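With mmCIF, C-alpha atoms inside, this is start19.cif:
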data_target
loop_
_atom_site.group_PDB
_atom_site.id
_atom_site.type_symbol
_atom_site.label_atom_id
_atom_site.label_comp_id
_atom_site.auth_asym_id
_atom_site.auth_seq_id
_atom_site.Cartn_x
_atom_site.Cartn_y
_atom_site.Cartn_z
ATOM 1 C CA MET A 1 218.440 94.393 212.565
ATOM 2 C CA ALA A 2 217.357 93.727 208.977
ATOM 3 C CA GLN A 3 213.637 93.555 208.448
ATOM 4 C CA MET A 4 211.753 91.745 205.741
ATOM 5 C CA LYS A 5 208.180 92.176 204.715
ATOM 6 C CA ASN A 6 206.156 89.921 202.490
ATOM 7 C CA ASN A 7 202.720 89.726 200.964
ATOM 8 C CA ILE A 8 202.257 85.972 201.075
ATOM 9 C CA LYS A 9 199.017 86.352 202.992
ATOM 10 C CA VAL A 10 197.527 88.506 200.216
ATOM 11 C CA LEU A 11 198.769 86.219 197.444
ATOM 12 C CA ARG A 12 197.463 83.204 199.295
ATOM 13 C CA ALA A 13 194.072 84.841 199.775
ATOM 14 C CA GLU A 14 193.925 85.677 196.050
ATOM 15 C CA LYS A 15 194.425 82.003 195.290
ATOM 16 C CA GLY A 16 191.985 80.967 198.024
ATOM 17 C CA MET A 17 194.551 78.733 199.653
ATOM 18 C CA THR A 18 195.011 77.777 203.273
ATOM 19 C CA GLN A 19 198.346 77.981 205.074
ATOM 20 C CA GLU A 20 198.406 74.204 205.214
ATOM 21 C CA GLU A 21 197.990 73.882 201.447
ATOM 22 C CA LEU A 22 200.785 76.360 200.760
ATOM 23 C CA ALA A 23 203.012 74.607 203.283
ATOM 24 C CA GLU A 24 202.407 71.318 201.510
ATOM 25 C CA LYS A 25 203.220 72.855 198.113
ATOM 26 C CA VAL A 26 206.555 74.286 199.225
ATOM 27 C CA ASN A 27 207.451 71.357 201.515
ATOM 28 C CA VAL A 28 207.498 73.047 204.896
ATOM 29 C CA THR A 29 205.365 72.897 208.016
ATOM 30 C CA ARG A 30 202.323 75.113 208.541
ATOM 31 C CA GLN A 31 204.129 76.744 211.485
ATOM 32 C CA THR A 32 206.835 77.986 209.107
ATOM 33 C CA ILE A 33 204.260 79.609 206.806
ATOM 34 C CA ILE A 34 202.599 81.240 209.835
ATOM 35 C CA ALA A 35 205.957 82.581 211.060
ATOM 36 C CA ILE A 36 206.889 83.908 207.608
ATOM 37 C CA GLU A 37 203.524 85.616 207.164
ATOM 38 C CA LYS A 38 203.903 87.309 210.547
ATOM 39 C CA ASN A 39 207.460 88.392 209.586
ATOM 40 C CA LYS A 40 208.817 86.505 212.564
ATOM 41 C CA TYR A 41 210.981 84.200 210.485
ATOM 42 C CA ILE A 42 213.026 85.155 207.428
ATOM 43 C CA PRO A 43 213.011 82.223 205.016
ATOM 44 C CA SER A 44 216.117 80.921 203.290
ATOM 45 C CA LEU A 45 216.765 82.065 199.754
ATOM 46 C CA GLU A 46 215.725 78.638 198.500
ATOM 47 C CA LEU A 47 212.380 78.743 200.298
ATOM 48 C CA ALA A 48 211.799 82.345 199.239
ATOM 49 C CA TYR A 49 212.338 81.296 195.613
ATOM 50 C CA LYS A 50 210.063 78.287 196.034
ATOM 51 C CA ILE A 51 207.272 80.484 197.381
ATOM 52 C CA SER A 52 207.765 83.104 194.639
ATOM 53 C CA LEU A 53 207.806 80.451 191.928
ATOM 54 C CA PHE A 54 204.672 78.912 193.334
ATOM 55 C CA PHE A 55 202.847 82.249 193.071
ATOM 56 C CA LYS A 56 204.472 82.846 189.640
ATOM 57 C CA LYS A 57 205.930 86.131 190.851
ATOM 58 C CA LYS A 58 209.398 87.611 191.032
ATOM 59 C CA ILE A 59 211.031 87.241 194.422
ATOM 60 C CA GLU A 60 211.018 91.040 194.955
ATOM 61 C CA GLU A 61 207.280 91.078 194.294
ATOM 62 C CA VAL A 62 206.717 88.705 197.187
ATOM 63 C CA PHE A 63 209.450 89.744 199.606
ATOM 64 C CA GLU A 64 210.550 93.264 200.435
ATOM 65 C CA TYR A 65 213.770 94.194 202.207
ATOM 66 C CA LEU A 66 213.347 97.218 204.477
ATOM 67 C CA MET B 1 199.421 58.994 208.038
ATOM 68 C CA SER B 2 198.383 62.582 208.640
ATOM 69 C CA TYR B 3 200.159 64.927 211.042
ATOM 70 C CA LYS B 4 197.195 64.807 213.435
ATOM 71 C CA ASN B 5 197.355 61.011 213.621
ATOM 72 C CA PHE B 6 201.106 61.199 214.074
ATOM 73 C CA LYS B 7 200.685 63.523 217.065
ATOM 74 C CA THR B 8 198.159 61.107 218.630
ATOM 75 C CA ALA B 9 200.477 58.134 218.024
ATOM 76 C CA ARG B 10 203.414 60.033 219.529
ATOM 77 C CA LEU B 11 201.349 60.839 222.609
ATOM 78 C CA LEU B 12 200.325 57.192 222.991
ATOM 79 C CA ILE B 13 203.921 55.996 222.677
ATOM 80 C CA THR B 14 205.037 58.552 225.286
ATOM 81 C CA PHE B 15 202.280 57.354 227.616
ATOM 82 C CA PHE B 16 203.258 53.712 227.038
ATOM 83 C CA LEU B 17 206.918 54.503 227.722
ATOM 84 C CA ALA B 18 206.169 56.495 230.876
ATOM 85 C CA MET B 19 203.956 53.719 232.252
ATOM 86 C CA THR B 20 206.318 50.861 231.382
ATOM 87 C CA VAL B 21 209.467 52.602 232.605
ATOM 88 C CA SER B 22 207.820 53.612 235.887
ATOM 89 C CA ILE B 23 206.664 49.996 236.407
ATOM 90 C CA ALA B 24 210.172 48.792 235.533
ATOM 91 C CA ILE B 25 211.722 51.183 238.061
ATOM 92 C CA SER B 26 209.290 50.229 240.833
ATOM 93 C CA THR B 27 209.881 46.497 240.204
ATOM 94 C CA GLU B 28 213.625 47.072 239.594
ATOM 95 C CA ASN B 29 213.385 45.323 236.246
ATOM 96 C CA VAL B 30 216.074 46.710 233.940
ATOM 97 C CA LEU B 31 215.187 44.371 231.084
ATOM 98 C CA LEU B 32 211.614 45.675 230.990
ATOM 99 C CA ALA B 33 212.806 49.289 230.856
ATOM 100 C CA VAL B 34 215.358 48.610 228.124
ATOM 101 C CA SER B 35 212.913 46.594 226.003
ATOM 102 C CA ALA B 36 210.183 49.234 226.443
ATOM 103 C CA ILE B 37 212.552 51.998 225.298
ATOM 104 C CA GLY B 38 213.685 49.829 222.368
ATOM 105 C CA ILE B 39 210.104 49.088 221.305
ATOM 106 C CA GLY B 40 209.160 52.758 221.704
ATOM 107 C CA MET B 41 212.066 53.933 219.563
ATOM 108 C CA MET B 42 211.399 51.355 216.855
ATOM 109 C CA THR B 43 207.705 52.227 216.744
ATOM 110 C CA MET B 44 208.526 55.944 216.471
ATOM 111 C CA VAL B 45 210.914 55.300 213.574
ATOM 112 C CA LEU B 46 208.290 53.198 211.777
ATOM 113 C CA ILE B 47 205.563 55.797 212.349
ATOM 114 C CA LYS B 48 207.785 58.679 211.205
ATOM 115 C CA LYS B 49 208.459 56.814 207.956
ATOM 116 C CA ASN B 50 204.728 56.640 207.238
ATOM 117 C CA VAL B 51 203.955 60.297 207.907
ATOM 118 C CA LYS B 52 203.212 62.159 204.708
ATOM 119 C CA ALA B 53 203.359 65.643 206.218
ATOM 120 C CA VAL B 54 206.656 67.507 206.571
ATOM 121 C CA LEU B 55 207.917 67.094 210.131
ATOM 122 C CA VAL B 56 211.274 68.832 209.885
ATOM 123 C CA ASP B 57 211.884 71.873 207.734
ATOM 124 C CA GLU B 58 214.391 74.707 207.664
ATOM 125 C CA MET B 59 212.737 76.664 210.492
ATOM 126 C CA VAL B 60 212.694 73.609 212.756
ATOM 127 C CA LYS B 61 216.397 73.018 211.971
ATOM 128 C CA ASN B 62 217.145 76.689 212.581
ATOM 129 C CA ILE B 63 215.417 76.605 215.967
ATOM 130 C CA ALA B 64 217.125 73.309 216.842
ATOM 131 C CA GLY B 65 220.529 74.801 215.957
ATOM 132 C CA LYS B 66 219.984 77.888 218.086
ATOM 133 C CA SER B 67 218.677 75.795 220.990
ATOM 134 C CA ALA B 68 221.661 73.439 220.734
ATOM 135 C CA LEU B 69 224.093 76.369 220.793
ATOM 136 C CA MET B 70 222.349 77.876 223.812
ATOM 137 C CA ALA B 71 222.285 74.510 225.608
ATOM 138 C CA TYR B 72 226.013 74.089 224.910
ATOM 139 C CA SER B 73 226.815 77.652 226.011
ATOM 140 C CA ILE B 74 225.047 77.068 229.318
ATOM 141 C CA THR B 75 226.011 73.452 230.024
ATOM 142 C CA VAL B 76 229.760 73.621 229.463
ATOM 143 C CA PRO B 77 230.533 76.666 231.656
ATOM 144 C CA VAL B 78 228.229 75.384 234.418
ATOM 145 C CA LEU B 79 229.918 71.969 234.371
ATOM 146 C CA ALA B 80 233.373 73.559 234.264
ATOM 147 C CA VAL B 81 232.663 75.889 237.211
ATOM 148 C CA LEU B 82 231.057 73.085 239.238
ATOM 149 C CA SER B 83 234.004 70.779 238.575
ATOM 150 C CA LEU B 84 236.460 73.482 239.684
ATOM 151 C CA VAL B 85 234.456 74.183 242.838
ATOM 152 C CA PHE B 86 234.162 70.497 243.715
ATOM 153 C CA MET B 87 237.801 69.743 243.007
ATOM 154 C CA PHE B 88 239.415 72.797 244.632
ATOM 155 C CA SER B 89 237.213 72.607 247.716
ATOM 156 C CA ASN B 90 238.347 69.004 248.186
ATOM 157 C CA LEU B 91 242.019 69.267 247.237
ATOM 158 C CA SER B 92 243.074 68.010 250.641
ATOM 159 C CA ASN B 93 240.672 65.132 250.294
ATOM 160 C CA GLU B 94 241.525 63.637 246.886
ATOM 161 C CA GLY B 95 239.464 60.557 246.098
ATOM 162 C CA SER B 96 236.458 61.805 248.021
ATOM 163 C CA TYR B 97 233.000 61.628 246.503
ATOM 164 C CA LEU B 98 232.861 65.352 245.642
ATOM 165 C CA TYR B 99 236.386 65.404 244.230
ATOM 166 C CA ASN B 100 235.532 62.487 241.940
ATOM 167 C CA LEU B 101 232.278 64.173 240.954
ATOM 168 C CA GLY B 102 234.288 67.252 239.995
ATOM 169 C CA MET B 103 236.584 65.077 237.880
ATOM 170 C CA ILE B 104 233.587 63.513 236.127
ATOM 171 C CA PHE B 105 232.051 66.942 235.458
ATOM 172 C CA SER B 106 235.299 68.231 234.004
ATOM 173 C CA TYR B 107 235.583 65.213 231.691
ATOM 174 C CA ILE B 108 231.959 65.660 230.578
ATOM 175 C CA ALA B 109 232.655 69.355 229.855
ATOM 176 C CA LEU B 110 235.768 68.425 227.884
ATOM 177 C CA PHE B 111 233.877 65.736 225.985
ATOM 178 C CA ASN B 112 231.177 68.286 225.115
ATOM 179 C CA MET B 113 233.785 70.740 223.894
ATOM 180 C CA ALA B 114 235.483 68.046 221.820
ATOM 181 C CA VAL B 115 232.199 67.008 220.170
ATOM 182 C CA TYR B 116 231.337 70.657 219.502
ATOM 183 C CA SER B 117 234.761 71.331 217.991
ATOM 184 C CA ILE B 118 234.555 68.278 215.735
ATOM 185 C CA ALA B 119 231.027 69.193 214.607
ATOM 186 C CA TYR B 120 232.056 72.833 214.060
ATOM 187 C CA TYR B 121 235.108 71.802 212.037
ATOM 188 C CA TYR B 122 232.979 69.407 209.960
ATOM 189 C CA TYR B 123 230.316 72.002 209.126
ATOM 190 C CA ARG B 124 232.900 74.694 208.451
ATOM 191 C CA LYS B 125 234.533 72.357 205.942
ATOM 192 C CA LYS B 126 231.159 71.475 204.461
ATOM 193 C CA TYR B 127 229.754 74.980 204.061
ATOM 194 C CA GLY B 128 232.777 77.217 203.863
ATOM 195 C CA SER B 129 236.316 77.169 202.787
ATOM 196 C CA ASP B 130 239.175 79.641 202.489
ATOM 197 C CA GLU B 131 239.625 78.652 198.842
ATOM 198 C CA GLU B 132 238.286 81.076 196.256
#
Encoded form using structure tokens:
Amino acid sequence: MAQMKNNIKVLRAEKGMTQEELAEKVNVTRQTIIAIEKNKYIPSLELAYKISLFFKKKIEEVFEYL
Amino acid sequence: MSYKNFKTARLLITFFLAMTVSIAISTENVLLAVSAIGIGMMTMVLIKKNVKAVLVDEMVKNIAGKSALMAYSITVPVLAVLSLVFMFSNLSNEGSYLYNLGMIFSYIALFNMAVYSIAYYYYRKKYGSDEE
């Protein structure tokens, strides 16, 4: 099964943001951010782009395909 | 309204519904049950409109889709097998309670399959096509 890794937790910590704040910014629930951070849920391409754009990073800098 | 307040309101509405419907059942008052359910549904719709937080996102929809598929995959075969058992075990006694129950189960299974097929066809048309 395909695995994805991400460094949202690190990027979020750098910005000093909570999961709730990030969830609000990208229009999802806090549970979704938790699941993505734990690599339990692979976000859609749209959400992945939203998160990357929010952190002003390229998508491959935030998400890694293993 | 914040998500926390929404959860409290939802709990209160559930409590109100449970109490009212149980009273309606014990007093055999259908009107009370129907009006309580109607009021509960209307209140939920109004509350949901005022919630600022995101309640449904792509993960929730994803989970709901998978759950719906699993529910369908379990319900339809179970209903179909039960209907066959009830009908074939009562073939000599057509019109009996169990035979009719089997008929009802088979129609429910068929109805489920029809709804699934229509929904599947609709979403296949919406998201995918053979055209290049």
Selected residue of minimal separation from Pro43 of chain A among B:Met59, B:Leu91, B:Ala64, B:Leu82, counting all atoms listed in the file: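 Selected residue with least distance to Pro43 of chain A: B:Met59.
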Quick one: contact table of chain A to chain B, 8 Å max, nearest atom pair and distance in Å to one decimal per residue, counting only C-alpha atoms, chain and number order, as a tab-separated table?
residue	atom	partner	partner_atom	distance
A:Glu24	CA	B:Ala53	CA	7.4
A:Asn27	CA	B:Val54	CA	6.4
A:Val28	CA	B:Asp57	CA	5.4
A:Thr29	CA	B:Val54	CA	5.7
A:Thr32	CA	B:Met59	CA	6.2
A:Tyr41	CA	B:Met59	CA	7.7
A:Pro43	CA	B:Met59	CA	7.8
A:Ser44	CA	B:Glu58	CA	7.8
Hey, can you check how far atom CA of Lys50 of chain A sits from atom CA of Glu21 of chain A?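 Answer for the atom CA of Lys50 of chain A to atom CA of Glu21 of chain A separation: 13.9 Å.
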Starting from the PyMOL selection byres ((chain A and resi 19) around 9), expand the selection into actual residues of this file and give them as a PyMOL selection string. chain A and resi 9+12+17-18+20-24+30-31+33-34
Counting all atoms listed in the file, which of B:Ser106, B:Asn50, B:Ser117, B:Thr43 gets nearest to Arg10 of chain B?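 Going through B:Ser106, B:Asn50, B:Ser117, B:Thr43 one by one, the smallest distance to Arg10 of chain B is for B:Thr43.
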Contacts of segment 94-102 of chain B at 10 Å (only C-alpha atoms; same-chain gap of 4+ positions) as a PyMOL selection string: chain B and resi 79-90+106-108
Go ahead and write the selection's residues with C-alpha atoms as a PDB file, in the coordinates of the input.
ATOM      1  CA  LEU B  79     229.918  71.969 234.371  1.00  0.00           C
ATOM      2  CA  ALA B  80     233.373  73.559 234.264  1.00  0.00           C
ATOM      3  CA  VAL B  81     232.663  75.889 237.211  1.00  0.00           C
ATOM      4  CA  LEU B  82     231.057  73.085 239.238  1.00  0.00           C
ATOM      5  CA  SER B  83     234.004  70.779 238.575  1.00  0.00           C
ATOM      6  CA  LEU B  84     236.460  73.482 239.684  1.00  0.00           C
ATOM      7  CA  VAL B  85     234.456  74.183 242.838  1.00  0.00           C
ATOM      8  CA  PHE B  86     234.162  70.497 243.715  1.00  0.00           C
ATOM      9  CA  MET B  87     237.801  69.743 243.007  1.00  0.00           C
ATOM     10  CA  PHE B  88     239.415  72.797 244.632  1.00  0.00           C
ATOM     11  CA  SER B  89     237.213  72.607 247.716  1.00  0.00           C
ATOM     12  CA  ASN B  90     238.347  69.004 248.186  1.00  0.00           C
ATOM     13  CA  SER B 106     235.299  68.231 234.004  1.00  0.00           C
ATOM     14  CA  TYR B 107     235.583  65.213 231.691  1.00  0.00           C
ATOM     15  CA  ILE B 108     231.959  65.660 230.578  1.00  0.00           C
TER      16      ILE B 108
END
